[in-house]
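**Student:** Provided below: upload-v4.json, containing JSON, N, CA and C atoms.
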[["chain", "number", "residue", "atom", "x", "y", "z"],
["A", 1, "MET", "N", -55.86, 44.91, -115.61],
["A", 1, "MET", "CA", -57.09, 45.58, -115.18],
["A", 1, "MET", "C", -57.07, 45.74, -113.67],
["A", 2, "LEU", "N", -57.52, 46.88, -113.19],
["A", 2, "LEU", "CA", -57.54, 47.19, -111.77],
["A", 2, "LEU", "C", -58.58, 46.34, -111.06],
["A", 3, "GLU", "N", -58.17, 45.63, -110.02],
["A", 3, "GLU", "CA", -59.12, 44.83, -109.24],
["A", 3, "GLU", "C", -59.76, 45.72, -108.19],
["A", 4, "ILE", "N", -61.08, 45.72, -108.17],
["A", 4, "ILE", "CA", -61.81, 46.52, -107.20],
["A", 4, "ILE", "C", -62.49, 45.58, -106.22],
["A", 5, "LYS", "N", -62.15, 45.74, -104.95],
["A", 5, "LYS", "CA", -62.73, 44.90, -103.91],
["A", 5, "LYS", "C", -63.96, 45.58, -103.33],
["A", 6, "SER", "N", -64.96, 44.80, -103.00],
["A", 6, "SER", "CA", -66.16, 45.38, -102.41],
["A", 6, "SER", "C", -65.92, 45.69, -100.94],
["A", 7, "PHE", "N", -66.64, 46.69, -100.46],
["A", 7, "PHE", "CA", -66.53, 47.07, -99.05],
["A", 7, "PHE", "C", -66.83, 45.88, -98.15],
["A", 8, "TYR", "N", -67.94, 45.19, -98.44],
["A", 8, "TYR", "CA", -68.35, 44.08, -97.57],
["A", 8, "TYR", "C", -67.30, 42.97, -97.55],
["A", 9, "LYS", "N", -66.79, 42.61, -98.71],
["A", 9, "LYS", "CA", -65.78, 41.54, -98.77],
["A", 9, "LYS", "C", -64.51, 41.96, -98.03],
["A", 10, "GLU", "N", -64.13, 43.22, -98.21],
["A", 10, "GLU", "CA", -62.90, 43.72, -97.60],
["A", 10, "GLU", "C", -62.99, 43.80, -96.08],
["A", 11, "TYR", "N", -64.18, 44.16, -95.57],
["A", 11, "TYR", "CA", -64.34, 44.39, -94.14],
["A", 11, "TYR", "C", -65.35, 43.46, -93.49],
["A", 12, "GLU", "N", -65.57, 42.30, -94.10],
["A", 12, "GLU", "CA", -66.59, 41.37, -93.63],
["A", 12, "GLU", "C", -66.45, 41.04, -92.15],
["A", 13, "ASP", "N", -65.24, 40.81, -91.69],
["A", 13, "ASP", "CA", -65.03, 40.46, -90.28],
["A", 13, "ASP", "C", -65.17, 41.66, -89.35],
["A", 14, "MET", "N", -65.21, 42.87, -89.89],
["A", 14, "MET", "CA", -65.34, 44.08, -89.09],
["A", 14, "MET", "C", -66.69, 44.76, -89.31],
["A", 15, "PHE", "N", -67.59, 44.10, -90.04],
["A", 15, "PHE", "CA", -68.85, 44.74, -90.42],
["A", 15, "PHE", "C", -69.70, 45.10, -89.20],
["A", 16, "GLU", "N", -69.78, 44.21, -88.22],
["A", 16, "GLU", "CA", -70.55, 44.51, -87.01],
["A", 16, "GLU", "C", -69.97, 45.73, -86.29],
["A", 17, "GLU", "N", -68.66, 45.85, -86.30],
["A", 17, "GLU", "CA", -68.02, 47.00, -85.67],
["A", 17, "GLU", "C", -68.39, 48.29, -86.42],
["A", 18, "TYR", "N", -68.45, 48.20, -87.75],
["A", 18, "TYR", "CA", -68.86, 49.35, -88.57],
["A", 18, "TYR", "C", -70.27, 49.79, -88.20],
["A", 19, "LEU", "N", -71.19, 48.83, -88.04],
["A", 19, "LEU", "CA", -72.56, 49.14, -87.66],
["A", 19, "LEU", "C", -72.62, 49.76, -86.27],
["A", 20, "GLU", "N", -71.82, 49.26, -85.36],
["A", 20, "GLU", "CA", -71.77, 49.83, -84.00],
["A", 20, "GLU", "C", -71.25, 51.26, -84.03],
["A", 21, "ASP", "N", -70.31, 51.54, -84.95],
["A", 21, "ASP", "CA", -69.81, 52.92, -85.10],
["A", 21, "ASP", "C", -70.93, 53.86, -85.52],
["A", 22, "VAL", "N", -71.79, 53.40, -86.43],
["A", 22, "VAL", "CA", -72.93, 54.20, -86.87],
["A", 22, "VAL", "C", -73.83, 54.51, -85.67],
["A", 23, "LYS", "N", -74.12, 53.50, -84.86],
["A", 23, "LYS", "CA", -74.97, 53.70, -83.68],
["A", 23, "LYS", "C", -74.31, 54.65, -82.68],
["A", 24, "ARG", "N", -73.01, 54.52, -82.52],
["A", 24, "ARG", "CA", -72.28, 55.38, -81.59],
["A", 24, "ARG", "C", -72.38, 56.85, -82.04],
["A", 25, "ILE", "N", -72.27, 57.08, -83.33],
["A", 25, "ILE", "CA", -72.38, 58.45, -83.85],
["A", 25, "ILE", "C", -73.80, 58.98, -83.64],
["A", 26, "LEU", "N", -74.81, 58.14, -83.89],
["A", 26, "LEU", "CA", -76.19, 58.56, -83.67],
["A", 26, "LEU", "C", -76.43, 58.92, -82.21],
["A", 27, "ARG", "N", -75.86, 58.13, -81.29],
["A", 27, "ARG", "CA", -76.05, 58.39, -79.86],
["A", 27, "ARG", "C", -75.45, 59.73, -79.43],
["A", 28, "ARG", "N", -74.48, 60.23, -80.20],
["A", 28, "ARG", "CA", -73.84, 61.50, -79.86],
["A", 28, "ARG", "C", -74.43, 62.69, -80.61],
["A", 29, "LYS", "N", -74.92, 62.47, -81.85],
["A", 29, "LYS", "CA", -75.24, 63.61, -82.70],
["A", 29, "LYS", "C", -76.68, 63.73, -83.15],
["A", 30, "ASN", "N", -77.46, 62.67, -83.15],
["A", 30, "ASN", "CA", -78.83, 62.72, -83.66],
["A", 30, "ASN", "C", -79.79, 62.95, -82.49],
["A", 31, "GLN", "N", -80.37, 64.15, -82.42],
["A", 31, "GLN", "CA", -81.22, 64.52, -81.28],
["A", 31, "GLN", "C", -82.45, 63.63, -81.14],
["A", 32, "LYS", "N", -83.07, 63.26, -82.25],
["A", 32, "LYS", "CA", -84.25, 62.40, -82.18],
["A", 32, "LYS", "C", -83.86, 61.03, -81.61],
["A", 33, "TYR", "N", -82.73, 60.51, -82.05],
["A", 33, "TYR", "CA", -82.24, 59.22, -81.56],
["A", 33, "TYR", "C", -81.92, 59.30, -80.07],
["A", 34, "ILE", "N", -81.28, 60.38, -79.67],
["A", 34, "ILE", "CA", -80.91, 60.59, -78.27],
["A", 34, "ILE", "C", -82.16, 60.62, -77.38],
["A", 35, "LYS", "N", -83.19, 61.34, -77.84],
["A", 35, "LYS", "CA", -84.43, 61.44, -77.05],
["A", 35, "LYS", "C", -85.12, 60.08, -76.95],
["A", 36, "LEU", "N", -85.13, 59.33, -78.04],
["A", 36, "LEU", "CA", -85.73, 57.99, -78.00],
["A", 36, "LEU", "C", -84.98, 57.10, -77.01],
["A", 37, "GLN", "N", -83.67, 57.19, -77.04],
["A", 37, "GLN", "CA", -82.87, 56.38, -76.14],
["A", 37, "GLN", "C", -83.11, 56.77, -74.68],
["A", 38, "GLU", "N", -83.27, 58.06, -74.42],
["A", 38, "GLU", "CA", -83.57, 58.51, -73.07],
["A", 38, "GLU", "C", -84.92, 57.97, -72.59],
["A", 39, "LYS", "N", -85.94, 58.01, -73.48],
["A", 39, "LYS", "CA", -87.25, 57.46, -73.14],
["A", 39, "LYS", "C", -87.15, 55.97, -72.84],
["A", 40, "TYR", "N", -86.39, 55.27, -73.67],
["A", 40, "TYR", "CA", -86.20, 53.82, -73.52],
["A", 40, "TYR", "C", -85.63, 53.50, -72.14],
["A", 41, "HIS", "N", -84.56, 54.21, -71.78],
["A", 41, "HIS", "CA", -83.90, 53.94, -70.50],
["A", 41, "HIS", "C", -84.75, 54.39, -69.31],
["A", 42, "LYS", "N", -85.54, 55.45, -69.50],
["A", 42, "LYS", "CA", -86.42, 55.90, -68.43],
["A", 42, "LYS", "C", -87.47, 54.82, -68.12],
["A", 43, "ILE", "N", -88.03, 54.24, -69.17],
["A", 43, "ILE", "CA", -89.02, 53.17, -68.97],
["A", 43, "ILE", "C", -88.38, 51.99, -68.24],
["A", 44, "LEU", "N", -87.17, 51.63, -68.64],
["A", 44, "LEU", "CA", -86.49, 50.52, -67.96],
["A", 44, "LEU", "C", -86.17, 50.85, -66.51],
["A", 45, "ASP", "N", -85.77, 52.10, -66.25],
["A", 45, "ASP", "CA", -85.47, 52.52, -64.87],
["A", 45, "ASP", "C", -86.70, 52.43, -63.98],
["A", 46, "GLU", "N", -87.88, 52.67, -64.57],
["A", 46, "GLU", "CA", -89.13, 52.66, -63.81],
["A", 46, "GLU", "C", -89.77, 51.28, -63.72],
["A", 47, "ASN", "N", -89.24, 50.30, -64.45],
["A", 47, "ASN", "CA", -89.86, 48.97, -64.52],
["A", 47, "ASN", "C", -88.80, 47.87, -64.43],
["A", 48, "GLU", "N", -88.37, 47.62, -63.22],
["A", 48, "GLU", "CA", -87.31, 46.63, -63.00],
["A", 48, "GLU", "C", -87.67, 45.25, -63.54],
["A", 49, "ASN", "N", -88.93, 44.90, -63.46],
["A", 49, "ASN", "CA", -89.38, 43.60, -63.94],
["A", 49, "ASN", "C", -89.09, 43.43, -65.44],
["A", 50, "LEU", "N", -89.23, 44.53, -66.20],
["A", 50, "LEU", "CA", -88.94, 44.48, -67.63],
["A", 50, "LEU", "C", -87.46, 44.24, -67.89],
["A", 51, "VAL", "N", -86.62, 44.81, -67.05],
["A", 51, "VAL", "CA", -85.17, 44.59, -67.19],
["A", 51, "VAL", "C", -84.87, 43.10, -67.06],
["A", 52, "TRP", "N", -85.45, 42.47, -66.04],
["A", 52, "TRP", "CA", -85.22, 41.04, -65.84],
["A", 52, "TRP", "C", -85.68, 40.23, -67.05],
["A", 53, "ILE", "N", -86.84, 40.57, -67.56],
["A", 53, "ILE", "CA", -87.39, 39.84, -68.71],
["A", 53, "ILE", "C", -86.51, 40.03, -69.94],
["A", 54, "LEU", "N", -86.09, 41.25, -70.20],
["A", 54, "LEU", "CA", -85.23, 41.52, -71.36],
["A", 54, "LEU", "C", -83.87, 40.84, -71.24],
["A", 55, "GLU", "N", -83.45, 40.57, -70.01],
["A", 55, "GLU", "CA", -82.19, 39.85, -69.80],
["A", 55, "GLU", "C", -82.39, 38.34, -69.86],
["A", 56, "GLY", "N", -83.64, 37.91, -70.10],
["A", 56, "GLY", "CA", -83.91, 36.48, -70.27],
["A", 56, "GLY", "C", -84.29, 35.75, -69.00],
["A", 57, "GLN", "N", -84.46, 36.46, -67.92],
["A", 57, "GLN", "CA", -84.84, 35.83, -66.65],
["A", 57, "GLN", "C", -86.36, 35.92, -66.50],
["A", 58, "THR", "N", -87.06, 35.01, -67.15],
["A", 58, "THR", "CA", -88.51, 35.07, -67.23],
["A", 58, "THR", "C", -89.22, 34.17, -66.22],
["A", 59, "GLU", "N", -88.49, 33.29, -65.57],
["A", 59, "GLU", "CA", -89.11, 32.35, -64.65],
["A", 59, "GLU", "C", -89.72, 33.09, -63.45],
["A", 60, "ASN", "N", -90.96, 32.74, -63.14],
["A", 60, "ASN", "CA", -91.71, 33.34, -62.03],
["A", 60, "ASN", "C", -91.89, 34.85, -62.18],
["A", 61, "ARG", "N", -91.97, 35.32, -63.39],
["A", 61, "ARG", "CA", -92.20, 36.75, -63.64],
["A", 61, "ARG", "C", -93.55, 36.91, -64.33],
["A", 62, "ASN", "N", -94.37, 37.72, -63.77],
["A", 62, "ASN", "CA", -95.65, 38.05, -64.37],
["A", 62, "ASN", "C", -95.70, 39.56, -64.54],
["A", 63, "LEU", "N", -96.19, 40.00, -65.69],
["A", 63, "LEU", "CA", -96.26, 41.43, -65.95],
["A", 63, "LEU", "C", -97.64, 41.97, -65.58],
["A", 64, "SER", "N", -97.65, 43.13, -64.94],
["A", 64, "SER", "CA", -98.90, 43.82, -64.65],
["A", 64, "SER", "C", -99.37, 44.51, -65.94],
["A", 65, "ASN", "N", -100.57, 45.03, -65.92],
["A", 65, "ASN", "CA", -101.06, 45.79, -67.08],
["A", 65, "ASN", "C", -100.16, 46.98, -67.38],
["A", 66, "LYS", "N", -99.73, 47.66, -66.32],
["A", 66, "LYS", "CA", -98.83, 48.81, -66.48],
["A", 66, "LYS", "C", -97.53, 48.38, -67.15],
["A", 67, "GLU", "N", -96.99, 47.24, -66.74],
["A", 67, "GLU", "CA", -95.74, 46.75, -67.32],
["A", 67, "GLU", "C", -95.93, 46.31, -68.77],
["A", 68, "CYS", "N", -97.09, 45.76, -69.08],
["A", 68, "CYS", "CA", -97.39, 45.37, -70.47],
["A", 68, "CYS", "C", -97.42, 46.60, -71.37],
["A", 69, "ILE", "N", -98.03, 47.68, -70.88],
["A", 69, "ILE", "CA", -98.07, 48.92, -71.64],
["A", 69, "ILE", "C", -96.66, 49.48, -71.81],
["A", 70, "ALA", "N", -95.87, 49.41, -70.74],
["A", 70, "ALA", "CA", -94.48, 49.89, -70.81],
["A", 70, "ALA", "C", -93.67, 49.05, -71.80],
["A", 71, "LEU", "N", -93.90, 47.75, -71.81],
["A", 71, "LEU", "CA", -93.19, 46.87, -72.76],
["A", 71, "LEU", "C", -93.57, 47.21, -74.20],
["A", 72, "ALA", "N", -94.82, 47.49, -74.44],
["A", 72, "ALA", "CA", -95.27, 47.89, -75.78],
["A", 72, "ALA", "C", -94.59, 49.20, -76.20],
["A", 73, "LYS", "N", -94.45, 50.14, -75.26],
["A", 73, "LYS", "CA", -93.75, 51.39, -75.56],
["A", 73, "LYS", "C", -92.28, 51.13, -75.88],
["A", 74, "LEU", "N", -91.66, 50.23, -75.09],
["A", 74, "LEU", "CA", -90.26, 49.88, -75.36],
["A", 74, "LEU", "C", -90.08, 49.33, -76.76],
["A", 75, "VAL", "N", -90.98, 48.45, -77.16],
["A", 75, "VAL", "CA", -90.89, 47.85, -78.49],
["A", 75, "VAL", "C", -91.03, 48.93, -79.57],
["A", 76, "GLN", "N", -91.98, 49.84, -79.40],
["A", 76, "GLN", "CA", -92.18, 50.91, -80.39],
["A", 76, "GLN", "C", -90.95, 51.81, -80.46],
["A", 77, "ILE", "N", -90.41, 52.17, -79.31],
["A", 77, "ILE", "CA", -89.20, 53.01, -79.28],
["A", 77, "ILE", "C", -88.04, 52.28, -79.97],
["A", 78, "TYR", "N", -87.90, 51.00, -79.69],
["A", 78, "TYR", "CA", -86.84, 50.21, -80.30],
["A", 78, "TYR", "C", -86.99, 50.23, -81.83],
["A", 79, "TYR", "N", -88.22, 50.04, -82.33],
["A", 79, "TYR", "CA", -88.45, 50.07, -83.78],
["A", 79, "TYR", "C", -88.13, 51.44, -84.36],
["A", 80, "ASP", "N", -88.48, 52.50, -83.65],
["A", 80, "ASP", "CA", -88.18, 53.86, -84.11],
["A", 80, "ASP", "C", -86.66, 54.09, -84.19],
["A", 81, "MET", "N", -85.94, 53.62, -83.17],
["A", 81, "MET", "CA", -84.49, 53.74, -83.18],
["A", 81, "MET", "C", -83.89, 52.92, -84.32],
["A", 82, "GLN", "N", -84.41, 51.73, -84.51],
["A", 82, "GLN", "CA", -83.94, 50.86, -85.59],
["A", 82, "GLN", "C", -84.14, 51.51, -86.95],
["A", 83, "SER", "N", -85.27, 52.18, -87.13],
["A", 83, "SER", "CA", -85.56, 52.88, -88.38],
["A", 83, "SER", "C", -84.53, 53.99, -88.64],
["A", 84, "ILE", "N", -84.19, 54.74, -87.61],
["A", 84, "ILE", "CA", -83.18, 55.79, -87.75],
["A", 84, "ILE", "C", -81.84, 55.18, -88.13],
["A", 85, "GLU", "N", -81.47, 54.08, -87.47],
["A", 85, "GLU", "CA", -80.20, 53.40, -87.77],
["A", 85, "GLU", "C", -80.18, 52.92, -89.22],
["A", 86, "GLU", "N", -81.27, 52.31, -89.67],
["A", 86, "GLU", "CA", -81.32, 51.77, -91.02],
["A", 86, "GLU", "C", -81.23, 52.87, -92.07],
["A", 87, "LYS", "N", -81.89, 54.00, -91.83],
["A", 87, "LYS", "CA", -81.81, 55.13, -92.77],
["A", 87, "LYS", "C", -80.39, 55.67, -92.83],
["A", 88, "GLU", "N", -79.76, 55.79, -91.69],
["A", 88, "GLU", "CA", -78.38, 56.29, -91.65],
["A", 88, "GLU", "C", -77.45, 55.37, -92.42],
["A", 89, "ILE", "N", -77.59, 54.07, -92.22],
["A", 89, "ILE", "CA", -76.76, 53.10, -92.92],
["A", 89, "ILE", "C", -77.03, 53.15, -94.42],
["A", 90, "PHE", "N", -78.29, 53.29, -94.81],
["A", 90, "PHE", "CA", -78.65, 53.39, -96.22],
["A", 90, "PHE", "C", -77.95, 54.57, -96.87],
["A", 91, "PHE", "N", -78.04, 55.75, -96.24],
["A", 91, "PHE", "CA", -77.42, 56.93, -96.83],
["A", 91, "PHE", "C", -75.91, 56.87, -96.81],
["A", 92, "LEU", "N", -75.33, 56.24, -95.80],
["A", 92, "LEU", "CA", -73.88, 56.04, -95.81],
["A", 92, "LEU", "C", -73.47, 55.14, -96.96],
["A", 93, "GLY", "N", -74.27, 54.12, -97.23],
["A", 93, "GLY", "CA", -74.00, 53.24, -98.37],
["A", 93, "GLY", "C", -74.09, 54.00, -99.68],
["A", 94, "GLY", "N", -75.07, 54.89, -99.79],
["A", 94, "GLY", "CA", -75.19, 55.72, -100.99],
["A", 94, "GLY", "C", -74.00, 56.63, -101.16],
["A", 95, "LYS", "N", -73.53, 57.19, -100.06],
["A", 95, "LYS", "CA", -72.35, 58.06, -100.11],
["A", 95, "LYS", "C", -71.13, 57.27, -100.57],
["A", 96, "ASP", "N", -70.96, 56.06, -100.02],
["A", 96, "ASP", "CA", -69.83, 55.21, -100.43],
["A", 96, "ASP", "C", -69.94, 54.84, -101.91],
["A", 97, "ALA", "N", -71.16, 54.56, -102.37],
["A", 97, "ALA", "CA", -71.36, 54.22, -103.78],
["A", 97, "ALA", "C", -70.99, 55.41, -104.66],
["A", 98, "TYR", "N", -71.37, 56.61, -104.25],
["A", 98, "TYR", "CA", -71.02, 57.81, -105.01],
["A", 98, "TYR", "C", -69.51, 57.94, -105.17],
["A", 99, "TYR", "N", -68.77, 57.82, -104.05],
["A", 99, "TYR", "CA", -67.32, 57.94, -104.12],
["A", 99, "TYR", "C", -66.69, 56.81, -104.92],
["A", 100, "PHE", "N", -67.26, 55.64, -104.82],
["A", 100, "PHE", "CA", -66.78, 54.49, -105.59],
["A", 100, "PHE", "C", -66.96, 54.75, -107.08],
["A", 101, "PHE", "N", -68.16, 55.19, -107.48],
["A", 101, "PHE", "CA", -68.43, 55.45, -108.90],
["A", 101, "PHE", "C", -67.54, 56.59, -109.42],
["A", 102, "LYS", "N", -67.33, 57.57, -108.57],
["A", 102, "LYS", "CA", -66.45, 58.68, -108.96],
["A", 102, "LYS", "C", -65.02, 58.18, -109.18],
["A", 103, "LYS", "N", -64.57, 57.33, -108.29],
["A", 103, "LYS", "CA", -63.21, 56.81, -108.38],
["A", 103, "LYS", "C", -62.99, 55.97, -109.65],
["A", 104, "ILE", "N", -63.97, 55.19, -110.03],
["A", 104, "ILE", "CA", -63.78, 54.35, -111.22],
["A", 104, "ILE", "C", -64.18, 55.06, -112.51],
["A", 105, "GLY", "N", -64.57, 56.32, -112.40],
["A", 105, "GLY", "CA", -64.80, 57.13, -113.59],
["A", 105, "GLY", "C", -66.20, 57.14, -114.15],
["A", 106, "ILE", "N", -67.15, 56.56, -113.43],
["A", 106, "ILE", "CA", -68.54, 56.57, -113.92],
["A", 106, "ILE", "C", -69.12, 57.97, -113.73],
["A", 107, "LEU", "N", -68.76, 58.65, -112.66],
["A", 107, "LEU", "CA", -69.20, 60.01, -112.38],
["A", 107, "LEU", "C", -68.02, 60.97, -112.47],
["A", 108, "ARG", "N", -68.33, 62.21, -112.75],
["A", 108, "ARG", "CA", -67.25, 63.21, -112.81],
["A", 108, "ARG", "C", -67.39, 64.19, -111.69]]
Show this structure as structure tokens.

**Tutor:**
Amino acid sequence: MLEIKSFYKEYEDMFEEYLEDVKRILRRKNQKYIKLQEKYHKILDENENLVWILEGQTENRNLSNKECIALAKLVQIYYDMQSIEEKEIFFLGGKDAYYFFKKIGILR
């Protein structure tokens, strides 16, 4: 009987790299993702204090109201980008499942 290995088992040690490839493709080809990323970086460029905080340097850092609003926007943008990434990964998984089922003869 033909042994069929799962994608995850076969590439478990390279899985993070696979996910990074998906993000890299989105950064080049998905206009909505590109615009969100531009907004994200623009907010960081305008709020140096947020950069320090996101890098973990929180000692003696206090956020102004403006910076708190900017941080909330960053979080929302991050969630929106994450949603795009998750949908892309979901559909890629569906595509792989289709080819897998076709290969083993479940689909014609």

**Student:** Measure the distance from atom N of Ile43 of chain A to atom N of Val22 of chain A in Å and round it to one decimal.

**Tutor:** 23.7 Å

**Student:** Give the centre and edge lengths of an axis-aligned box, in Å to one decimal, that holds all listed atoms of segment 19-23 of chain A with 6 Å on each side, as lines of an AutoDock Vina configuration file.

**Tutor:**
center_x = -72.4
center_y = 51.7
center_z = -85.4
size_x = 17.2
size_y = 17.8
size_z = 17.4

**Student:** Neighbourhood query: residues within 8 Å of (-94.1, 46.4, -64.8), file coordinates, counting all atoms listed in the file; return as a PyMOL selection string.

**Tutor:** chain A and resi 46-51+62-71

**Student:** Just the residues within 8 Å of segment 25-37 of chain A, please, counting only N, CA and C atoms, with nothing from its chain fewer than 6 positions along; format it as a PyMOL selection string.

**Tutor:** chain A and resi 19+43+77-78+80-81+84-85

**Student:** So what do you get for atom CA of Lys23 of chain A versus atom CA of Asp45 of chain A, distance-wise?

**Tutor:**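 A separation of 21.6 Å between them.
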
**Student:** Report, in Å to a single decimal, how far apart atom CA of Tyr40 of chain A and atom CA of Leu92 of chain A are.

**Tutor:**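 A separation of 25.6 Å between them.
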
**Student:** Per DSSP on the backbone, filter segment 27-89 of chain A down to the residues in alpha helix (DSSP H) and report them as a PyMOL selection string.

**Tutor:** chain A and resi 27-29+31-46+48-54+65-89
